[in-house]
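Engineer: This is the structure I have questions about; it appears just below.
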Amino acid sequence: MDVFEAIRSRYSVRGYKPDPVSDELLDQVLEAARQAPTAANKQPFRIVVVHTEGREQEMRRFYDRSWLAEAPLVLVVVVVPGEAWRRRDGKLYDEVDATIAFDHLVLAATAVGLGTCWVADFDTAAVRELLALPDDVTPIALTPLGYPDKDRTKTGRRPLDELVKYERW
Ligand SMILES: Cc1cc2nc3c(=O)[nH]c(=O)nc-3n(C[C@H](O)[C@H](O)[C@H](O)COP(=O)(O)O)c2cc1C
């Protein structure tokens, strides 16, 4: 699957089969995140891989949706802000870097037939506690990772001419 096909076929998967994800496929999608660009190549993100089996109640504390723990894996992207590049006006690029890396991972997952759903509305305190995150680490997003068990819900997009301006606003 080429990158355009992966972009076109990705959708937020909110229903998973219990089938396991092989270590080989997991490594492939993690490698896609590793290859992502980061500001000044600081690579200030980490990905925590959680096997959901037997941790269904903990996953409910992360995000109270049954489909989260249907997937055999949940991946959590976190940042170490102290490692991130800071622009001269003070803006820190930790979240931008983590987001790009996670999007690489999401598209790679699609390309190998796996489903994901970007989740930002998680309970940060529960994630901190259950993953034993140090104080200097901040969770940014999480996704289930597994085989889709639900068809795509059609979601629209604004037309290109609304999203793109040429030469000036
Ligand atoms: C930054 C971000 C945060 C999101 N947070 C959630 C979330 O907390 N829960 C959820 O079910 N979907 C979440 N989504 C998925 C969006 O609802 C979804 O991408 C959007 O509706 C478009 O649908 P599609 O992904 O199927 O194309 C999030 C997506 C993004 C990019």
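Chains: A, B, ... in order of the structure tokens. Residues: from 1 per chain. Ligands: from 1, in order shown.
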Looking only at the backbone, which of the residues in chain A does DSSP tag as strand (DSSP E or B), as an NGL selection string?
Structural biologist: :A and (12 or 16 or 45-51 or 73-79 or 86 or 92 or 115-116 or 119 or 138-146 or 148)
Engineer: Using N, CA and C atoms, can you export the residues from the last selection as an mmCIF file, in the first residue's frame?
Structural biologist:
```
data_model
loop_
_atom_site.group_PDB
_atom_site.id
_atom_site.type_symbol
_atom_site.label_atom_id
_atom_site.label_comp_id
_atom_site.auth_asym_id
_atom_site.auth_seq_id
_atom_site.Cartn_x
_atom_site.Cartn_y
_atom_site.Cartn_z
ATOM 1 N N SER A 12 -10.863 6.241 11.959
ATOM 2 C CA SER A 12 -10.853 5.980 13.400
ATOM 3 C C SER A 12 -11.621 4.699 13.663
ATOM 4 N N TYR A 16 -12.763 -3.647 17.624
ATOM 5 C CA TYR A 16 -11.596 -4.477 17.288
ATOM 6 C C TYR A 16 -11.866 -5.952 17.488
ATOM 7 N N PHE A 45 10.062 12.169 22.197
ATOM 8 C CA PHE A 45 8.882 11.348 22.514
ATOM 9 C C PHE A 45 9.297 9.935 22.893
ATOM 10 N N ARG A 46 8.382 9.266 23.587
ATOM 11 C CA ARG A 46 8.519 7.830 23.861
ATOM 12 C C ARG A 46 7.147 7.220 23.609
ATOM 13 N N ILE A 47 7.128 5.933 23.287
ATOM 14 C CA ILE A 47 5.858 5.234 23.094
ATOM 15 C C ILE A 47 5.787 4.088 24.100
ATOM 16 N N VAL A 48 4.722 4.087 24.891
ATOM 17 C CA VAL A 48 4.546 3.021 25.878
ATOM 18 C C VAL A 48 3.554 2.017 25.280
ATOM 19 N N VAL A 49 3.993 0.773 25.180
ATOM 20 C CA VAL A 49 3.160 -0.300 24.621
ATOM 21 C C VAL A 49 2.497 -1.041 25.780
ATOM 22 N N VAL A 50 1.167 -1.113 25.745
ATOM 23 C CA VAL A 50 0.429 -1.779 26.818
ATOM 24 C C VAL A 50 -0.343 -2.956 26.225
ATOM 25 N N HIS A 51 -0.127 -4.152 26.765
ATOM 26 C CA HIS A 51 -0.944 -5.312 26.391
ATOM 27 C C HIS A 51 -2.216 -5.248 27.240
ATOM 28 N N LEU A 73 -3.644 -4.314 21.968
ATOM 29 C CA LEU A 73 -2.603 -3.370 22.393
ATOM 30 C C LEU A 73 -3.164 -1.960 22.484
ATOM 31 N N VAL A 74 -2.625 -1.205 23.414
ATOM 32 C CA VAL A 74 -2.855 0.240 23.449
ATOM 33 C C VAL A 74 -1.474 0.886 23.461
ATOM 34 N N LEU A 75 -1.291 1.849 22.558
ATOM 35 C CA LEU A 75 -0.009 2.564 22.506
ATOM 36 C C LEU A 75 -0.231 3.983 23.017
ATOM 37 N N VAL A 76 0.665 4.418 23.871
ATOM 38 C CA VAL A 76 0.557 5.765 24.456
ATOM 39 C C VAL A 76 1.811 6.542 24.075
ATOM 40 N N VAL A 77 1.618 7.679 23.428
ATOM 41 C CA VAL A 77 2.786 8.507 23.104
ATOM 42 C C VAL A 77 2.913 9.583 24.179
ATOM 43 N N VAL A 78 4.117 9.698 24.698
ATOM 44 C CA VAL A 78 4.401 10.669 25.768
ATOM 45 C C VAL A 78 5.591 11.521 25.320
ATOM 46 N N VAL A 79 5.749 12.667 25.987
ATOM 47 C CA VAL A 79 6.922 13.502 25.669
ATOM 48 C C VAL A 79 7.741 13.760 26.925
ATOM 49 N N ARG A 86 13.276 24.253 21.589
ATOM 50 C CA ARG A 86 12.468 25.425 21.909
ATOM 51 C C ARG A 86 12.814 26.531 20.913
ATOM 52 N N LEU A 92 7.712 25.566 22.695
ATOM 53 C CA LEU A 92 8.315 24.240 22.815
ATOM 54 C C LEU A 92 7.679 23.300 21.797
ATOM 55 N N GLY A 115 -5.834 -1.360 12.704
ATOM 56 C CA GLY A 115 -6.665 -0.193 12.977
ATOM 57 C C GLY A 115 -6.138 0.584 14.169
ATOM 58 N N THR A 116 -6.466 1.869 14.165
ATOM 59 C CA THR A 116 -6.086 2.766 15.263
ATOM 60 C C THR A 116 -7.234 3.748 15.479
ATOM 61 N N VAL A 119 -6.788 8.979 20.392
ATOM 62 C CA VAL A 119 -7.572 9.391 21.556
ATOM 63 C C VAL A 119 -6.794 10.450 22.330
ATOM 64 N N THR A 138 5.067 13.750 29.918
ATOM 65 C CA THR A 138 3.664 14.137 29.724
ATOM 66 C C THR A 138 3.015 13.274 28.651
ATOM 67 N N PRO A 139 1.887 12.643 28.969
ATOM 68 C CA PRO A 139 1.192 11.870 27.930
ATOM 69 C C PRO A 139 0.478 12.808 26.951
ATOM 70 N N ILE A 140 0.541 12.464 25.674
ATOM 71 C CA ILE A 140 -0.040 13.317 24.622
ATOM 72 C C ILE A 140 -1.264 12.668 23.980
ATOM 73 N N ALA A 141 -1.155 11.408 23.626
ATOM 74 C CA ALA A 141 -2.254 10.726 22.924
ATOM 75 C C ALA A 141 -2.092 9.227 23.108
ATOM 76 N N LEU A 142 -3.184 8.523 22.881
ATOM 77 C CA LEU A 142 -3.088 7.062 22.872
ATOM 78 C C LEU A 142 -3.966 6.518 21.764
ATOM 79 N N THR A 143 -3.687 5.277 21.404
ATOM 80 C CA THR A 143 -4.519 4.594 20.407
ATOM 81 C C THR A 143 -4.570 3.104 20.699
ATOM 82 N N PRO A 144 -5.747 2.507 20.484
ATOM 83 C CA PRO A 144 -5.750 1.051 20.424
ATOM 84 C C PRO A 144 -5.015 0.619 19.160
ATOM 85 N N LEU A 145 -4.477 -0.585 19.161
ATOM 86 C CA LEU A 145 -3.849 -1.128 17.950
ATOM 87 C C LEU A 145 -4.298 -2.579 17.812
ATOM 88 N N GLY A 146 -5.031 -2.848 16.738
ATOM 89 C CA GLY A 146 -5.526 -4.203 16.538
ATOM 90 C C GLY A 146 -6.230 -4.297 15.199
ATOM 91 N N PRO A 148 -9.324 -4.264 12.781
ATOM 92 C CA PRO A 148 -10.641 -3.625 12.793
ATOM 93 C C PRO A 148 -11.779 -4.638 12.755
#
```
Engineer: Could you list, with a cut-off of 10 Å and counting only C-alpha atoms and all ligand atoms, the residues of chain A near ligand 1, each shown with its nearest atom pair and the distance in Å rounded to one decimal, rows sorted by chain and ascending number, as JSON lines?
Structural biologist:
```
{"residue": "A:Ile7", "atom": "CA", "partner": "ligand 1", "partner_atom_place_in_ligand_line": "27 (O)", "distance": 9.5}
{"residue": "A:Arg8", "atom": "CA", "partner": "ligand 1", "partner_atom_place_in_ligand_line": "27 (O)", "distance": 9.0}
{"residue": "A:Ser9", "atom": "CA", "partner": "ligand 1", "partner_atom_place_in_ligand_line": "27 (O)", "distance": 8.8}
{"residue": "A:Arg10", "atom": "CA", "partner": "ligand 1", "partner_atom_place_in_ligand_line": "27 (O)", "distance": 6.7}
{"residue": "A:Tyr11", "atom": "CA", "partner": "ligand 1", "partner_atom_place_in_ligand_line": "26 (O)", "distance": 3.7}
{"residue": "A:Ser12", "atom": "CA", "partner": "ligand 1", "partner_atom_place_in_ligand_line": "26 (O)", "distance": 3.8}
{"residue": "A:Val13", "atom": "CA", "partner": "ligand 1", "partner_atom_place_in_ligand_line": "26 (O)", "distance": 7.0}
{"residue": "A:Arg14", "atom": "CA", "partner": "ligand 1", "partner_atom_place_in_ligand_line": "11 (O)", "distance": 7.1}
{"residue": "A:Tyr63", "atom": "CA", "partner": "ligand 1", "partner_atom_place_in_ligand_line": "8 (O)", "distance": 8.0}
{"residue": "A:Asp64", "atom": "CA", "partner": "ligand 1", "partner_atom_place_in_ligand_line": "9 (N)", "distance": 9.9}
{"residue": "A:Arg65", "atom": "CA", "partner": "ligand 1", "partner_atom_place_in_ligand_line": "11 (O)", "distance": 8.4}
{"residue": "A:Trp67", "atom": "CA", "partner": "ligand 1", "partner_atom_place_in_ligand_line": "11 (O)", "distance": 9.6}
{"residue": "A:Leu68", "atom": "CA", "partner": "ligand 1", "partner_atom_place_in_ligand_line": "11 (O)", "distance": 9.4}
{"residue": "A:Thr99", "atom": "CA", "partner": "ligand 1", "partner_atom_place_in_ligand_line": "1 (C)", "distance": 8.2}
{"residue": "A:Asp103", "atom": "CA", "partner": "ligand 1", "partner_atom_place_in_ligand_line": "31 (C)", "distance": 8.8}
{"residue": "A:Thr116", "atom": "CA", "partner": "ligand 1", "partner_atom_place_in_ligand_line": "25 (O)", "distance": 8.8}
{"residue": "A:Cys117", "atom": "CA", "partner": "ligand 1", "partner_atom_place_in_ligand_line": "15 (C)", "distance": 6.0}
{"residue": "A:Trp118", "atom": "CA", "partner": "ligand 1", "partner_atom_place_in_ligand_line": "28 (C)", "distance": 4.7}
{"residue": "A:Val119", "atom": "CA", "partner": "ligand 1", "partner_atom_place_in_ligand_line": "8 (O)", "distance": 3.7}
{"residue": "A:Ala120", "atom": "CA", "partner": "ligand 1", "partner_atom_place_in_ligand_line": "5 (N)", "distance": 4.0}
{"residue": "A:Asp121", "atom": "CA", "partner": "ligand 1", "partner_atom_place_in_ligand_line": "8 (O)", "distance": 3.7}
{"residue": "A:Phe122", "atom": "CA", "partner": "ligand 1", "partner_atom_place_in_ligand_line": "8 (O)", "distance": 6.3}
{"residue": "A:Asp123", "atom": "CA", "partner": "ligand 1", "partner_atom_place_in_ligand_line": "8 (O)", "distance": 10.0}
{"residue": "A:Ile140", "atom": "CA", "partner": "ligand 1", "partner_atom_place_in_ligand_line": "1 (C)", "distance": 9.0}
{"residue": "A:Ala141", "atom": "CA", "partner": "ligand 1", "partner_atom_place_in_ligand_line": "3 (C)", "distance": 7.4}
{"residue": "A:Leu142", "atom": "CA", "partner": "ligand 1", "partner_atom_place_in_ligand_line": "8 (O)", "distance": 8.6}
{"residue": "A:Thr143", "atom": "CA", "partner": "ligand 1", "partner_atom_place_in_ligand_line": "6 (C)", "distance": 9.0}
{"residue": "A:Arg152", "atom": "CA", "partner": "ligand 1", "partner_atom_place_in_ligand_line": "26 (O)", "distance": 6.8}
{"residue": "A:Thr153", "atom": "CA", "partner": "ligand 1", "partner_atom_place_in_ligand_line": "26 (O)", "distance": 6.3}
{"residue": "A:Lys154", "atom": "CA", "partner": "ligand 1", "partner_atom_place_in_ligand_line": "26 (O)", "distance": 6.8}
{"residue": "A:Thr155", "atom": "CA", "partner": "ligand 1", "partner_atom_place_in_ligand_line": "23 (O)", "distance": 5.3}
{"residue": "A:Gly156", "atom": "CA", "partner": "ligand 1", "partner_atom_place_in_ligand_line": "22 (C)", "distance": 7.6}
{"residue": "A:Arg157", "atom": "CA", "partner": "ligand 1", "partner_atom_place_in_ligand_line": "22 (C)", "distance": 8.3}
```
Engineer: Let me see the file: selected residues, N, CA and C atoms, as an mmCIF file, in the first residue's frame.
Structural biologist:
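Written out: again.cif:
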```cif
data_model
loop_
_atom_site.group_PDB
_atom_site.id
_atom_site.type_symbol
_atom_site.label_atom_id
_atom_site.label_comp_id
_atom_site.auth_asym_id
_atom_site.auth_seq_id
_atom_site.Cartn_x
_atom_site.Cartn_y
_atom_site.Cartn_z
ATOM 1 N N ILE A 7 -3.251 6.925 3.508
ATOM 2 C CA ILE A 7 -3.928 8.153 3.966
ATOM 3 C C ILE A 7 -5.421 8.072 3.682
ATOM 4 N N ARG A 8 -5.755 7.572 2.478
ATOM 5 C CA ARG A 8 -7.177 7.481 2.092
ATOM 6 C C ARG A 8 -7.928 6.441 2.907
ATOM 7 N N SER A 9 -7.263 5.336 3.224
ATOM 8 C CA SER A 9 -8.020 4.244 3.865
ATOM 9 C C SER A 9 -7.996 4.298 5.390
ATOM 10 N N ARG A 10 -7.173 5.140 5.983
ATOM 11 C CA ARG A 10 -7.191 5.267 7.452
ATOM 12 C C ARG A 10 -8.514 5.844 7.940
ATOM 13 N N TYR A 11 -9.005 5.299 8.996
ATOM 14 C CA TYR A 11 -10.159 5.900 9.676
ATOM 15 C C TYR A 11 -10.072 5.557 11.158
ATOM 16 N N SER A 12 -10.863 6.241 11.959
ATOM 17 C CA SER A 12 -10.853 5.980 13.400
ATOM 18 C C SER A 12 -11.621 4.699 13.663
ATOM 19 N N VAL A 13 -10.902 3.667 14.088
ATOM 20 C CA VAL A 13 -11.494 2.343 14.288
ATOM 21 C C VAL A 13 -11.978 2.252 15.736
ATOM 22 N N ARG A 14 -13.280 2.062 15.891
ATOM 23 C CA ARG A 14 -13.864 1.998 17.244
ATOM 24 C C ARG A 14 -14.547 0.656 17.467
ATOM 25 N N TYR A 63 -9.753 5.638 29.439
ATOM 26 C CA TYR A 63 -10.760 6.203 28.532
ATOM 27 C C TYR A 63 -11.928 5.238 28.544
ATOM 28 N N ASP A 64 -13.066 5.715 28.990
ATOM 29 C CA ASP A 64 -14.167 4.816 29.306
ATOM 30 C C ASP A 64 -14.978 4.425 28.073
ATOM 31 N N ARG A 65 -14.350 3.662 27.189
ATOM 32 C CA ARG A 65 -15.024 3.130 26.002
ATOM 33 C C ARG A 65 -14.656 1.645 25.897
ATOM 34 N N TRP A 67 -14.434 -0.304 23.413
ATOM 35 C CA TRP A 67 -13.594 -0.697 22.279
ATOM 36 C C TRP A 67 -12.116 -0.526 22.529
ATOM 37 N N LEU A 68 -11.757 0.292 23.522
ATOM 38 C CA LEU A 68 -10.320 0.518 23.739
ATOM 39 C C LEU A 68 -9.612 -0.794 24.079
ATOM 40 N N THR A 99 3.246 14.319 17.933
ATOM 41 C CA THR A 99 2.087 14.175 17.062
ATOM 42 C C THR A 99 2.500 13.677 15.681
ATOM 43 N N ASP A 103 1.449 10.097 14.092
ATOM 44 C CA ASP A 103 0.746 10.018 12.809
ATOM 45 C C ASP A 103 1.482 9.077 11.848
ATOM 46 N N THR A 116 -6.466 1.869 14.165
ATOM 47 C CA THR A 116 -6.086 2.766 15.263
ATOM 48 C C THR A 116 -7.234 3.748 15.479
ATOM 49 N N CYS A 117 -7.230 4.401 16.606
ATOM 50 C CA CYS A 117 -8.113 5.556 16.817
ATOM 51 C C CYS A 117 -7.392 6.512 17.748
ATOM 52 N N TRP A 118 -7.067 7.640 17.208
ATOM 53 C CA TRP A 118 -6.384 8.661 17.998
ATOM 54 C C TRP A 118 -7.283 9.057 19.160
ATOM 55 N N VAL A 119 -6.788 8.979 20.392
ATOM 56 C CA VAL A 119 -7.572 9.391 21.556
ATOM 57 C C VAL A 119 -6.794 10.450 22.330
ATOM 58 N N ALA A 120 -7.410 11.641 22.426
ATOM 59 C CA ALA A 120 -6.816 12.707 23.234
ATOM 60 C C ALA A 120 -7.588 12.919 24.534
ATOM 61 N N ASP A 121 -8.839 12.437 24.548
ATOM 62 C CA ASP A 121 -9.727 12.711 25.674
ATOM 63 C C ASP A 121 -9.567 11.683 26.797
ATOM 64 N N PHE A 122 -8.319 11.338 27.092
ATOM 65 C CA PHE A 122 -8.072 10.315 28.122
ATOM 66 C C PHE A 122 -7.869 10.997 29.483
ATOM 67 N N ASP A 123 -7.913 10.181 30.534
ATOM 68 C CA ASP A 123 -7.704 10.682 31.893
ATOM 69 C C ASP A 123 -6.192 10.723 32.152
ATOM 70 N N ILE A 140 0.541 12.464 25.674
ATOM 71 C CA ILE A 140 -0.040 13.317 24.622
ATOM 72 C C ILE A 140 -1.264 12.668 23.980
ATOM 73 N N ALA A 141 -1.155 11.408 23.626
ATOM 74 C CA ALA A 141 -2.254 10.726 22.924
ATOM 75 C C ALA A 141 -2.092 9.227 23.108
ATOM 76 N N LEU A 142 -3.184 8.523 22.881
ATOM 77 C CA LEU A 142 -3.088 7.062 22.872
ATOM 78 C C LEU A 142 -3.966 6.518 21.764
ATOM 79 N N THR A 143 -3.687 5.277 21.404
ATOM 80 C CA THR A 143 -4.519 4.594 20.407
ATOM 81 C C THR A 143 -4.570 3.104 20.699
ATOM 82 N N ARG A 152 -16.085 1.506 8.444
ATOM 83 C CA ARG A 152 -15.803 2.929 8.546
ATOM 84 C C ARG A 152 -17.083 3.734 8.720
ATOM 85 N N THR A 153 -17.059 4.689 9.632
ATOM 86 C CA THR A 153 -18.130 5.689 9.694
ATOM 87 C C THR A 153 -17.657 6.843 8.831
ATOM 88 N N LYS A 154 -18.501 7.199 7.877
ATOM 89 C CA LYS A 154 -18.085 8.250 6.940
ATOM 90 C C LYS A 154 -17.949 9.581 7.680
ATOM 91 N N THR A 155 -16.826 10.211 7.544
ATOM 92 C CA THR A 155 -16.636 11.550 8.117
ATOM 93 C C THR A 155 -16.247 12.487 6.990
ATOM 94 N N GLY A 156 -16.806 13.669 6.992
ATOM 95 C CA GLY A 156 -16.541 14.612 5.900
ATOM 96 C C GLY A 156 -15.297 15.433 6.141
ATOM 97 N N ARG A 157 -14.893 16.117 5.124
ATOM 98 C CA ARG A 157 -13.768 17.048 5.214
ATOM 99 C C ARG A 157 -14.149 18.350 4.530
#
```
Engineer: Can you tell me which residues surround A:Met1 at a distance of at most 10 Å, considering only C-alpha atoms, apart from same-chain residues fewer than 4 positions away, and format the answer as a CSV table (one decimal) with C-alpha atoms, in the first residue's frame?
Structural biologist:
```csv
chain,number,residue,atom,x,y,z
A,5,GLU,CA,-3.7,4.7,-0.2
A,6,ALA,CA,-2.8,4.5,3.5
A,7,ILE,CA,-3.9,8.2,4.0
A,9,SER,CA,-8.0,4.2,3.9
A,108,ALA,CA,2.0,2.6,9.0
A,110,THR,CA,-3.1,1.2,8.3
A,111,ALA,CA,-0.6,0.1,5.6
A,112,VAL,CA,-0.2,-3.3,7.4
A,113,GLY,CA,-4.0,-3.8,7.9
```
Engineer: Can you pull out every residue from chain A that DSSP, working from the backbone, puts in helix (DSSP H, G or I), and format the result as number ranges by chain?
Structural biologist: A: 3-9, 23-34, 39-41, 56-62, 66-70, 81-83, 94-111, 124-130, 160-163
Engineer: Could you take the residues named above and write them with C-alpha atoms, as a compact mmCIF listing (two decimals), in the first residue's frame?
Structural biologist:
```txt
# COMPACT_ATOMS: atom_id res chain seq x y z
CA VAL A 3 1.30 6.39 1.28
CA PHE A 4 -1.68 7.94 -0.55
CA GLU A 5 -3.67 4.74 -0.21
CA ALA A 6 -2.83 4.54 3.49
CA ILE A 7 -3.93 8.15 3.97
CA ARG A 8 -7.18 7.48 2.09
CA SER A 9 -8.02 4.24 3.86
CA ASP A 23 5.70 -8.59 17.33
CA GLU A 24 6.90 -8.18 13.75
CA LEU A 25 3.98 -5.90 12.80
CA LEU A 26 4.25 -4.04 16.08
CA ASP A 27 7.94 -3.40 15.40
CA GLN A 28 7.11 -2.18 11.90
CA VAL A 29 4.67 0.45 13.14
CA LEU A 30 6.97 1.51 15.99
CA GLU A 31 9.80 1.88 13.48
CA ALA A 32 7.63 4.24 11.41
CA ALA A 33 7.35 6.50 14.47
CA ARG A 34 11.10 6.32 15.02
CA ALA A 39 12.50 19.64 15.52
CA ALA A 40 16.32 19.78 15.60
CA ASN A 41 16.16 15.97 15.60
CA GLU A 56 -9.61 -4.08 30.81
CA GLN A 57 -10.55 -2.16 33.96
CA GLU A 58 -7.35 -0.13 33.81
CA MET A 59 -8.06 0.73 30.17
CA ARG A 60 -11.53 1.90 31.22
CA ARG A 61 -9.81 4.27 33.63
CA PHE A 62 -7.73 5.63 30.75
CA SER A 66 -15.40 -0.64 25.64
CA TRP A 67 -13.59 -0.70 22.28
CA LEU A 68 -10.32 0.52 23.74
CA ALA A 69 -9.51 -2.77 25.48
CA GLU A 70 -11.03 -4.85 22.66
CA PRO A 81 9.59 18.29 27.43
CA GLY A 82 13.12 18.81 28.76
CA GLU A 83 14.49 17.09 25.65
CA ASP A 94 7.47 18.53 22.21
CA GLU A 95 3.81 17.98 21.33
CA VAL A 96 4.33 18.75 17.66
CA ASP A 97 7.11 16.15 17.47
CA ALA A 98 5.07 13.52 19.30
CA THR A 99 2.09 14.17 17.06
CA ILE A 100 4.06 13.76 13.86
CA ALA A 101 5.63 10.54 15.14
CA PHE A 102 2.24 9.16 16.18
CA ASP A 103 0.75 10.02 12.81
CA HIS A 104 3.57 8.13 11.09
CA LEU A 105 2.71 5.18 13.32
CA VAL A 106 -1.01 5.45 12.54
CA LEU A 107 -0.43 5.47 8.79
CA ALA A 108 2.03 2.57 8.99
CA ALA A 109 -0.55 0.63 11.00
CA THR A 110 -3.13 1.24 8.27
CA ALA A 111 -0.65 0.08 5.63
CA THR A 124 -4.17 12.01 32.25
CA ALA A 125 -3.97 11.22 35.97
CA ALA A 126 -4.97 7.59 35.39
CA VAL A 127 -2.46 7.24 32.55
CA ARG A 128 0.28 8.76 34.73
CA GLU A 129 -0.50 6.45 37.61
CA LEU A 130 -1.01 3.19 35.74
CA LEU A 160 -9.59 22.07 -0.35
CA ASP A 161 -10.49 25.59 -1.43
CA GLU A 162 -11.58 26.31 2.13
CA LEU A 163 -8.42 24.84 3.63
```
